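Notes follow the structure.
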Number of protein chains: 2
Amino acid sequence: MGFSRKMAATKMPVRKPRGEGHTRREEILAAAKALFLEEGVRATTMRRLAERVGVSAPALYLYFKDKDAILIELCDRIFARLLVRMEEIEREPLPACQRLRRMGEAYIRFGLEHPDEYRITFLEATAPEPIRFTGHRTDTSDLSQPGAKGAMVFSKIVEVYEAIAREGIALPHSPVTCAELSFLACHGLVAALISEPDFPWSDRETLIRGMVDVSVRGVLPALDAGLAVACEAATPRTRRRR
Amino acid sequence: MGFSRKMAATKMPVRKPRGEGHTRREEILAAAKALFLEEGVRATTMRRLAERVGVSAPALYLYFKDKDAILIELCDRIFARLLVRMEEIEREPLPACQRLRRMGEAYIRFGLEHPDEYRITFLEATAPEPIRFTGHRTDTSDLSQPGAKGAMVFSKIVEVYEAIAREGIALPHSPVTCAELSFLACHGLVAALISEPDFPWSDRETLIRGMVDVSVRGVLPALDAGLAVACEAATPRTRRRR
DNA sequence: AATGGAACTTAACAGCGTTAACTTAACAAT
DNA sequence: ATTGTTAAGTTAACGCTGTTAAGTTCCATT
């Protein structure tokens, strides 16, 4: 930005007063977010970020362990919003399989709206890769790990499948496995549209609708057997089916 | 590297004779492949690769435009094998929806067997990211672009859906869209298992079977309506489905 | 014997994330 | 008002990355 601090004459103190370190911390996160969608993730280097904040690069390490810590916190804050969205849907008074559809659609749209954050939390290799000795995790106390928020979102889908089971609809697998299948199908759509935006995909809205269908009907064949057509019928469809 | 060539006494020519540059090229690709699965992708730097080949780092640029060119060629060669596998399946004398299942399973297994190459061709951002002006592609002549082999694999699925349609089974979308949905669902499974290997996923085989089911039944609801149960029944199942 | 080009090297650039060592400024207590 | 403490910040540097520029060696052809 360079001459930006000519503008920012209001907040020129440059150095924070004694107990106000957390303010700087927020500034860093805000700057990172801005850099993210202005220049892209690739351009978000520690030096550029520091310059944007108006501080030297090593100063960032007073507030974050390393670069990843900044990205992870950014993503976690974004995904927290998806989580509250999911919880809203969870409370909607609808048949459970209807809520499943709504969650799937909400998930996909959210992912497509936040491609950078989605890529970082779900597409980037989580393990620093020399660590192949990780074995199995006995320590579940580390809740601030990268995928934490993502896992919480996933658990919402599990709960819906449990509700579906309670409604008397037969599941072909355990609720967890069913949730994974629905989730992974939607994930595939988001991941691909994000990673290969130039591929000549079909109409995006068609794909969203279609994948929600697939992720629900594919897992719950009983629905199509005429057992619970209500699930489909209740969805307002702008687009006729065949 | 200096004294490292004390070991490589067998192939000490060090410098290739006149017209044998392509030999070095293959050596580079072989070394890259080896480094890939010995040390991981992250450890595959140009300098390390050059050292492994027994050559200086800039020498690599005599044979490849940049690092990406090496990775892309490696991945394309791997995916060529998936392509022939898909073509084998294409020729199997089965109901089309059966071939669809076989392709889905082959695709998933292939992806899980080549996680590094899969990640590079499908999960890594294809555009160098400053290039936002890409617009739409009028020029389809560039077949050696990153996703080329991947796109050819995809087209095999489209063909199967066209065959399914010819068999008189109603498709809810165009064959291309149907293929995208099936493909994307399987892609989601592969992508997630690769990117989040430490997440406590359900049993892998269960997920593979389950996702093949989802990707076929989710797109072809008519199958479950009793129209073509043959499609499912013909698959030899080692594992009972509760 | 001279030449031209293929095959290669060394040296270096600009950038990256990160650390060590040092400085400055703000407050509390004397 | 001066001090001591320490949070907040700096500059310099390390080791690494991909990549380029310029120069060298060696062989086949003329």
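Just remember, in the structure tokens the first chain shown is A, the second B, etc., residues are 1-based per chain, and ligands are 1-based in the order shown.
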>> Which residues are close to DT10 (chain D), i.e. within 9 Å by only C-alpha atoms (C1' of nucleotides), leaving aside same-chain residues fewer than 4 positions away? Reply as an NGL selection string.
In response: (:A and (56 or 58-59)) or (:C and (22-24))
> Which residues, written as a PyMOL selection string, have at least one atom at most 12 Å from Pro175 (chain A), with only C-alpha atoms (C1' of nucleotides) counted and residues fewer than 2 positions away on the same chain left out?
Replying inline: (chain A and resi 154-166+169-173+177-183+219-220) or (chain B and resi 202)
With N, CA and C atoms kept, could you save the residues just selected as a PDB file, in the first residue's frame?
```
ATOM      1  N   PHE A 154     -19.477 -31.091  10.266  1.00  0.00           N
ATOM      2  CA  PHE A 154     -19.797 -32.469   9.872  1.00  0.00           C
ATOM      3  C   PHE A 154     -20.719 -33.138  10.885  1.00  0.00           C
ATOM      4  N   SER A 155     -20.461 -32.886  12.161  1.00  0.00           N
ATOM      5  CA  SER A 155     -21.254 -33.570  13.186  1.00  0.00           C
ATOM      6  C   SER A 155     -22.725 -33.162  13.119  1.00  0.00           C
ATOM      7  N   LYS A 156     -22.977 -31.973  12.566  1.00  0.00           N
ATOM      8  CA  LYS A 156     -24.369 -31.558  12.412  1.00  0.00           C
ATOM      9  C   LYS A 156     -25.099 -32.483  11.445  1.00  0.00           C
ATOM     10  N   ILE A 157     -24.391 -32.922  10.431  1.00  0.00           N
ATOM     11  CA  ILE A 157     -25.011 -33.823   9.454  1.00  0.00           C
ATOM     12  C   ILE A 157     -25.278 -35.178  10.090  1.00  0.00           C
ATOM     13  N   VAL A 158     -24.355 -35.598  10.930  1.00  0.00           N
ATOM     14  CA  VAL A 158     -24.571 -36.869  11.636  1.00  0.00           C
ATOM     15  C   VAL A 158     -25.857 -36.795  12.445  1.00  0.00           C
ATOM     16  N   GLU A 159     -26.026 -35.688  13.136  1.00  0.00           N
ATOM     17  CA  GLU A 159     -27.221 -35.540  13.976  1.00  0.00           C
ATOM     18  C   GLU A 159     -28.495 -35.630  13.145  1.00  0.00           C
ATOM     19  N   VAL A 160     -28.464 -35.041  11.969  1.00  0.00           N
ATOM     20  CA  VAL A 160     -29.650 -35.110  11.124  1.00  0.00           C
ATOM     21  C   VAL A 160     -29.948 -36.544  10.735  1.00  0.00           C
ATOM     22  N   TYR A 161     -28.911 -37.298  10.407  1.00  0.00           N
ATOM     23  CA  TYR A 161     -29.149 -38.698  10.035  1.00  0.00           C
ATOM     24  C   TYR A 161     -29.695 -39.484  11.222  1.00  0.00           C
ATOM     25  N   GLU A 162     -29.243 -39.152  12.409  1.00  0.00           N
ATOM     26  CA  GLU A 162     -29.802 -39.818  13.583  1.00  0.00           C
ATOM     27  C   GLU A 162     -31.285 -39.483  13.715  1.00  0.00           C
ATOM     28  N   ALA A 163     -31.606 -38.229  13.420  1.00  0.00           N
ATOM     29  CA  ALA A 163     -33.008 -37.831  13.465  1.00  0.00           C
ATOM     30  C   ALA A 163     -33.813 -38.585  12.408  1.00  0.00           C
ATOM     31  N   ILE A 164     -33.227 -38.737  11.229  1.00  0.00           N
ATOM     32  CA  ILE A 164     -33.914 -39.479  10.162  1.00  0.00           C
ATOM     33  C   ILE A 164     -34.194 -40.902  10.613  1.00  0.00           C
ATOM     34  N   ALA A 165     -33.181 -41.504  11.233  1.00  0.00           N
ATOM     35  CA  ALA A 165     -33.364 -42.872  11.721  1.00  0.00           C
ATOM     36  C   ALA A 165     -34.497 -42.915  12.751  1.00  0.00           C
ATOM     37  N   ARG A 166     -34.533 -41.907  13.622  1.00  0.00           N
ATOM     38  CA  ARG A 166     -35.594 -41.872  14.644  1.00  0.00           C
ATOM     39  C   ARG A 166     -36.961 -41.717  14.014  1.00  0.00           C
ATOM     40  N   ILE A 169     -36.988 -44.079   9.181  1.00  0.00           N
ATOM     41  CA  ILE A 169     -36.472 -44.361   7.837  1.00  0.00           C
ATOM     42  C   ILE A 169     -35.211 -45.211   7.969  1.00  0.00           C
ATOM     43  N   ALA A 170     -35.161 -46.287   7.209  1.00  0.00           N
ATOM     44  CA  ALA A 170     -34.029 -47.212   7.319  1.00  0.00           C
ATOM     45  C   ALA A 170     -32.777 -46.617   6.682  1.00  0.00           C
ATOM     46  N   LEU A 171     -31.674 -46.698   7.394  1.00  0.00           N
ATOM     47  CA  LEU A 171     -30.397 -46.228   6.852  1.00  0.00           C
ATOM     48  C   LEU A 171     -29.592 -47.428   6.349  1.00  0.00           C
ATOM     49  N   PRO A 172     -28.920 -47.249   5.212  1.00  0.00           N
ATOM     50  CA  PRO A 172     -28.125 -48.365   4.679  1.00  0.00           C
ATOM     51  C   PRO A 172     -26.809 -48.555   5.438  1.00  0.00           C
ATOM     52  N   HIS A 173     -26.410 -47.527   6.191  1.00  0.00           N
ATOM     53  CA  HIS A 173     -25.186 -47.608   6.983  1.00  0.00           C
ATOM     54  C   HIS A 173     -25.454 -46.969   8.339  1.00  0.00           C
ATOM     55  N   THR A 177     -21.576 -43.006   8.935  1.00  0.00           N
ATOM     56  CA  THR A 177     -21.170 -43.332   7.558  1.00  0.00           C
ATOM     57  C   THR A 177     -22.073 -42.646   6.552  1.00  0.00           C
ATOM     58  N   CYS A 178     -23.371 -42.652   6.811  1.00  0.00           N
ATOM     59  CA  CYS A 178     -24.291 -41.945   5.918  1.00  0.00           C
ATOM     60  C   CYS A 178     -23.922 -40.476   5.814  1.00  0.00           C
ATOM     61  N   ALA A 179     -23.637 -39.883   6.950  1.00  0.00           N
ATOM     62  CA  ALA A 179     -23.272 -38.467   6.957  1.00  0.00           C
ATOM     63  C   ALA A 179     -22.003 -38.244   6.155  1.00  0.00           C
ATOM     64  N   GLU A 180     -21.051 -39.139   6.318  1.00  0.00           N
ATOM     65  CA  GLU A 180     -19.805 -38.985   5.560  1.00  0.00           C
ATOM     66  C   GLU A 180     -20.085 -39.030   4.063  1.00  0.00           C
ATOM     67  N   LEU A 181     -20.929 -39.959   3.635  1.00  0.00           N
ATOM     68  CA  LEU A 181     -21.210 -40.084   2.202  1.00  0.00           C
ATOM     69  C   LEU A 181     -21.893 -38.825   1.672  1.00  0.00           C
ATOM     70  N   SER A 182     -22.890 -38.336   2.391  1.00  0.00           N
ATOM     71  CA  SER A 182     -23.562 -37.113   1.943  1.00  0.00           C
ATOM     72  C   SER A 182     -22.587 -35.950   1.915  1.00  0.00           C
ATOM     73  N   PHE A 183     -21.838 -35.848   2.989  1.00  0.00           N
ATOM     74  CA  PHE A 183     -20.875 -34.752   3.103  1.00  0.00           C
ATOM     75  C   PHE A 183     -19.840 -34.814   1.987  1.00  0.00           C
ATOM     76  N   VAL A 219     -28.028 -41.836  -0.691  1.00  0.00           N
ATOM     77  CA  VAL A 219     -27.833 -42.501   0.600  1.00  0.00           C
ATOM     78  C   VAL A 219     -29.136 -43.101   1.102  1.00  0.00           C
ATOM     79  N   LEU A 220     -30.252 -42.486   0.761  1.00  0.00           N
ATOM     80  CA  LEU A 220     -31.550 -42.937   1.265  1.00  0.00           C
ATOM     81  C   LEU A 220     -32.417 -43.464   0.140  1.00  0.00           C
TER      82      LEU A 220
ATOM     83  N   SER B 202     -14.924 -43.473   8.433  1.00  0.00           N
ATOM     84  CA  SER B 202     -15.425 -44.853   8.499  1.00  0.00           C
ATOM     85  C   SER B 202     -14.497 -45.771   7.720  1.00  0.00           C
TER      86      SER B 202
END
```
> Could you name the residues that touch His187 (chain B) at 8 Å or less, counting only C-alpha atoms (C1' of nucleotides), but leaving out those on the same chain fewer than 6 positions away, as a list in words?
Replying inline: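 These residues fall inside the cut-off: Ala185, Gly188 and Ala192 of chain A; Ile108 of chain B.
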>> Between B:Glu105, B:Glu87, B:Glu20, B:Glu39, which residue has the minimum interatomic distance to chain A, considering only C-alpha atoms?
In response: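 Closest candidate: B:Glu39.
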Select residues of chain D: the criterion is any atom within 7 Å of an atom of chain A, counting only C-alpha atoms (C1' of nucleotides); output as a PDB file with N, CA and C atoms (P, O5', C5', C4', C3', O3' and C1' of nucleotides), in the first residue's frame.
```pdb
ATOM      1  P    DA D   7       5.749  -8.558  29.560  1.00  0.00           P
ATOM      2  O5'  DA D   7       4.695  -7.964  28.517  1.00  0.00           O
ATOM      3  C5'  DA D   7       3.835  -6.900  28.919  1.00  0.00           C
ATOM      4  C4'  DA D   7       3.760  -5.848  27.818  1.00  0.00           C
ATOM      5  C3'  DA D   7       3.442  -6.409  26.435  1.00  0.00           C
ATOM      6  O3'  DA D   7       2.525  -5.518  25.809  1.00  0.00           O
ATOM      7  C1'  DA D   7       5.466  -5.202  26.343  1.00  0.00           C
ATOM      8  P    DA D   8       1.995  -5.720  24.369  1.00  0.00           P
ATOM      9  O5'  DA D   8       3.058  -4.919  23.498  1.00  0.00           O
ATOM     10  C5'  DA D   8       2.984  -3.499  23.434  1.00  0.00           C
ATOM     11  C4'  DA D   8       3.904  -3.000  22.342  1.00  0.00           C
ATOM     12  C3'  DA D   8       3.686  -3.697  20.992  1.00  0.00           C
ATOM     13  O3'  DA D   8       3.570  -2.705  19.990  1.00  0.00           O
ATOM     14  C1'  DA D   8       5.972  -3.799  21.623  1.00  0.00           C
ATOM     15  P    DG D   9       3.323  -3.128  18.471  1.00  0.00           P
ATOM     16  O5'  DG D   9       4.827  -3.120  17.896  1.00  0.00           O
ATOM     17  C5'  DG D   9       5.470  -1.868  17.830  1.00  0.00           C
ATOM     18  C4'  DG D   9       6.950  -2.042  17.582  1.00  0.00           C
ATOM     19  C3'  DG D   9       7.312  -2.754  16.274  1.00  0.00           C
ATOM     20  O3'  DG D   9       7.559  -1.813  15.230  1.00  0.00           O
ATOM     21  C1'  DG D   9       8.780  -3.300  18.090  1.00  0.00           C
TER      22       DG D   9
END
```
For a quick test of understanding: name the residues of chain A lying within 8 Å of chain B when counting only C-alpha atoms, and present them as a compact mmCIF listing (two decimals) with N, CA and C atoms, in the first residue's frame.
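What ended up in out02.txt:
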```txt
# COMPACT_ATOMS: atom_id res chain seq x y z
N GLU A 39 -5.60 -9.63 -3.37
CA GLU A 39 -4.46 -10.11 -4.16
C GLU A 39 -4.44 -11.63 -4.29
N GLY A 40 -5.25 -12.31 -3.50
CA GLY A 40 -5.22 -13.77 -3.54
C GLY A 40 -4.34 -14.33 -2.44
N ARG A 42 -1.95 -16.52 -2.61
CA ARG A 42 -0.54 -16.63 -2.98
C ARG A 42 0.22 -15.36 -2.64
N PHE A 122 -9.80 -27.50 3.95
CA PHE A 122 -10.18 -28.85 3.52
C PHE A 122 -9.31 -29.44 2.42
N LEU A 123 -8.65 -28.59 1.66
CA LEU A 123 -7.93 -29.11 0.50
C LEU A 123 -6.42 -29.15 0.71
N GLU A 124 -5.94 -28.26 1.54
CA GLU A 124 -4.50 -28.24 1.78
C GLU A 124 -4.14 -29.41 2.69
N ALA A 125 -2.97 -29.97 2.45
CA ALA A 125 -2.51 -31.06 3.31
C ALA A 125 -2.41 -30.56 4.74
N THR A 126 -3.08 -31.23 5.65
CA THR A 126 -3.07 -30.78 7.03
C THR A 126 -1.77 -31.14 7.73
N GLU A 129 3.59 -33.17 6.70
CA GLU A 129 4.08 -34.16 5.75
C GLU A 129 5.36 -34.91 6.13
N PRO A 130 6.35 -34.29 6.81
CA PRO A 130 7.40 -35.15 7.35
C PRO A 130 6.85 -36.00 8.49
N HIS A 136 -2.18 -43.04 15.60
CA HIS A 136 -3.55 -42.69 15.95
C HIS A 136 -3.53 -41.66 17.07
N PRO A 172 -28.92 -47.25 5.21
CA PRO A 172 -28.13 -48.36 4.68
C PRO A 172 -26.81 -48.56 5.44
N HIS A 173 -26.41 -47.53 6.19
CA HIS A 173 -25.19 -47.61 6.98
C HIS A 173 -25.45 -46.97 8.34
N VAL A 176 -23.21 -42.16 11.07
CA VAL A 176 -21.93 -41.50 10.79
C VAL A 176 -21.51 -41.76 9.35
N THR A 177 -21.58 -43.01 8.93
CA THR A 177 -21.17 -43.33 7.56
C THR A 177 -22.07 -42.65 6.55
N GLU A 180 -21.05 -39.14 6.32
CA GLU A 180 -19.80 -38.99 5.56
C GLU A 180 -20.08 -39.03 4.06
N LEU A 181 -20.93 -39.96 3.63
CA LEU A 181 -21.21 -40.08 2.20
C LEU A 181 -21.89 -38.83 1.67
N LEU A 184 -19.29 -36.00 1.77
CA LEU A 184 -18.21 -36.13 0.80
C LEU A 184 -18.68 -35.83 -0.62
N ALA A 185 -19.92 -36.20 -0.92
CA ALA A 185 -20.45 -35.89 -2.24
C ALA A 185 -20.51 -34.37 -2.45
N CYS A 186 -21.05 -33.67 -1.48
CA CYS A 186 -21.11 -32.21 -1.57
C CYS A 186 -19.70 -31.62 -1.61
N HIS A 187 -18.84 -32.17 -0.79
CA HIS A 187 -17.45 -31.72 -0.77
C HIS A 187 -16.82 -31.85 -2.15
N GLY A 188 -17.13 -32.93 -2.84
CA GLY A 188 -16.56 -33.12 -4.17
C GLY A 188 -16.93 -31.99 -5.11
N LEU A 189 -18.18 -31.59 -5.07
CA LEU A 189 -18.61 -30.49 -5.93
C LEU A 189 -17.86 -29.21 -5.60
N ALA A 191 -15.05 -28.77 -3.92
CA ALA A 191 -13.61 -28.88 -4.15
C ALA A 191 -13.28 -28.72 -5.63
N ALA A 192 -14.06 -29.36 -6.48
CA ALA A 192 -13.73 -29.33 -7.90
C ALA A 192 -13.99 -27.95 -8.50
N SER A 195 -11.13 -25.78 -7.36
CA SER A 195 -9.79 -26.08 -7.87
C SER A 195 -9.71 -25.96 -9.38
N GLU A 196 -10.79 -26.21 -10.05
CA GLU A 196 -10.78 -26.18 -11.52
C GLU A 196 -11.83 -25.22 -12.04
N ASP A 198 -11.81 -23.15 -14.32
CA ASP A 198 -11.84 -22.90 -15.76
C ASP A 198 -12.41 -24.06 -16.56
N TRP A 201 -17.67 -26.61 -16.66
CA TRP A 201 -18.70 -27.32 -15.90
C TRP A 201 -20.11 -26.98 -16.39
N SER A 202 -21.05 -27.84 -16.06
CA SER A 202 -22.44 -27.52 -16.34
C SER A 202 -22.87 -26.32 -15.50
N LEU A 207 -25.90 -27.99 -10.96
CA LEU A 207 -25.02 -28.90 -10.24
C LEU A 207 -25.33 -28.89 -8.75
N GLY A 210 -28.55 -30.73 -8.30
CA GLY A 210 -28.31 -32.12 -8.62
C GLY A 210 -27.52 -32.83 -7.53
N MET A 211 -26.52 -32.15 -7.00
CA MET A 211 -25.69 -32.82 -6.01
C MET A 211 -26.42 -32.97 -4.68
N ASP A 213 -29.57 -33.53 -4.49
CA ASP A 213 -30.37 -34.74 -4.78
C ASP A 213 -29.53 -35.99 -4.59
N VAL A 214 -28.40 -36.00 -5.26
CA VAL A 214 -27.55 -37.20 -5.21
C VAL A 214 -27.18 -37.53 -3.77
N SER A 215 -26.81 -36.50 -3.01
CA SER A 215 -26.28 -36.77 -1.67
C SER A 215 -27.36 -37.25 -0.72
N VAL A 216 -28.62 -36.96 -1.04
CA VAL A 216 -29.71 -37.43 -0.18
C VAL A 216 -30.30 -38.73 -0.72
N ARG A 217 -30.69 -38.71 -1.99
CA ARG A 217 -31.32 -39.91 -2.56
C ARG A 217 -30.34 -41.05 -2.70
N GLY A 218 -29.08 -40.71 -2.94
CA GLY A 218 -28.09 -41.77 -3.08
C GLY A 218 -27.90 -42.55 -1.80
N VAL A 219 -28.03 -41.84 -0.69
CA VAL A 219 -27.83 -42.50 0.60
C VAL A 219 -29.14 -43.10 1.10
N PRO A 221 -32.13 -44.65 -0.35
CA PRO A 221 -32.92 -45.18 -1.47
C PRO A 221 -34.38 -45.37 -1.10
N ASP A 224 -37.06 -42.94 -2.51
CA ASP A 224 -37.59 -43.08 -3.86
C ASP A 224 -38.53 -44.26 -3.99
N ALA A 225 -38.44 -45.17 -3.04
CA ALA A 225 -39.34 -46.32 -3.07
C ALA A 225 -40.76 -45.91 -2.72
N ARG A 241 -38.25 -31.18 -13.37
CA ARG A 241 -37.40 -32.36 -13.47
C ARG A 241 -37.92 -33.25 -14.59
N ARG A 242 -37.12 -33.49 -15.58
CA ARG A 242 -37.41 -34.30 -16.79
C ARG A 242 -38.84 -34.14 -17.24
```
>> Please report the interatomic distance between CA of Leu49 (chain A) and CA of Ala31 (chain A) in Å with one decimal.
In response: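 Separating CA of Leu49 (chain A) from CA of Ala31 (chain A) is a distance of 6.7 Å.
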Any idea what's packed within 10 Å of DT10 (chain C), counting only C-alpha atoms (C1' of nucleotides), ignoring anything in its chain fewer than 4 positions away? Could you give it as a CSV table (one decimal) with C-alpha atoms (C1' of nucleotides), in the first residue's frame?
```csv
chain,number,residue,atom,x,y,z
B,56,SER,CA,23.3,-29.2,-11.1
D,22,DA,C1',27.1,-16.0,-18.1
D,23,DG,C1',30.6,-18.9,-18.8
D,24,DT,C1',32.7,-23.7,-19.7
```
